[in-house]
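**Student:** Handing you a structure now.
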Amino acid sequence: MVNFFTCILQFKTSTVDFSQSCCPGQEAPGPVTPGAPFEPSQPPVIEGFSPSICSTPESFKEKFLRKTHENPMVSIGCLGTAAALTYGLYCFHQGQSHRSQLMMRTRIAAQGFTVAAILLSLAASTMKSRS
């Protein structure tokens with residue numbers, strides 16, 4: 001118990017010598033070597049990740065079409081959500097509260113479909129990359 005308080009007292013007064021352990025039964029920690037400094041001009045090194053650099057950058061339209069062809073269900077869900085929202089707001093403006101409520105419920109279902117499509121496509125691409 002005395003050794004513990006000695007360690008605490010030495011630590012608080014900043015006179016701890018890290019080359020020797022002040023507590024019996026414990027080894028002294030090894031030397032601390034700082035890692036390579038962060039270099040903002042270089043991309044980070046991530047273990048197991050090798051980025052591919054495209055020779056020709058895609059335009060917004062090309063990327064949109066490629067993503068739509070890769071996973072059409074997400075696009076269908078987004079269009080359904082937008083259509084239900086738009087028609088529901090139109091019905092609300094016209095005073096058709098029952099139909100507006102129905103369209104808002106339909107919008108929630110379409111959003112759920114979209115989220116499910118995103119998750120399934122993510123799972124499929126993960127399984128595809130593993131094999």
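Labels used: A, B, ... for chains in the order of the structure tokens, numbers from 1 for residues in each chain, and numbers from 1 for ligands as shown.
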So which residues touch stretch 79-93 of chain A within 12 Å, counting only C-alpha atoms, skipping near sequence neighbours fewer than 5 positions away, as a list in words?

**Tutor:** Thr68, Pro72, Met73, Val74, His98, Arg99, Ser100, Gln101, Leu102, Met103, Met104, Arg105, Thr106, Arg107, Ile108, Ala109, Ala110, Gln111, Gly112, Phe113, Thr114 and Val115 of chain A

**Student:** Please return as number ranges by chain: the residues of stretch 31-128 of chain A that backbone DSSP assigns to alpha helix (DSSP H).

**Tutor:** A: 60-70, 72-94, 97-128

**Student:** Report the distance between atom CA of A:His69 and atom CA of A:Thr126 in Å, rounded to one decimal place.

**Tutor:**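 So the answer is 18.0 Å.
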
**Student:** Report, in Å to a single decimal, how far apart atom CA of A:Ser121 and atom CA of A:Asn71 are.

**Tutor:** 7.1 Å

**Student:** Distance atom CA of A:Ile118-atom CA of A:Cys78, one decimal place?

**Tutor:** 10.7 Å

**Student:** From the set A:Glu39, A:Glu58, A:Ala116, A:Phe64, which residue has the shortest atom-to-atom contact distance to A:Gly77, counting only C-alpha atoms?

**Tutor:**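 Answer, going by the shortest atom-to-atom distance: A:Ala116.
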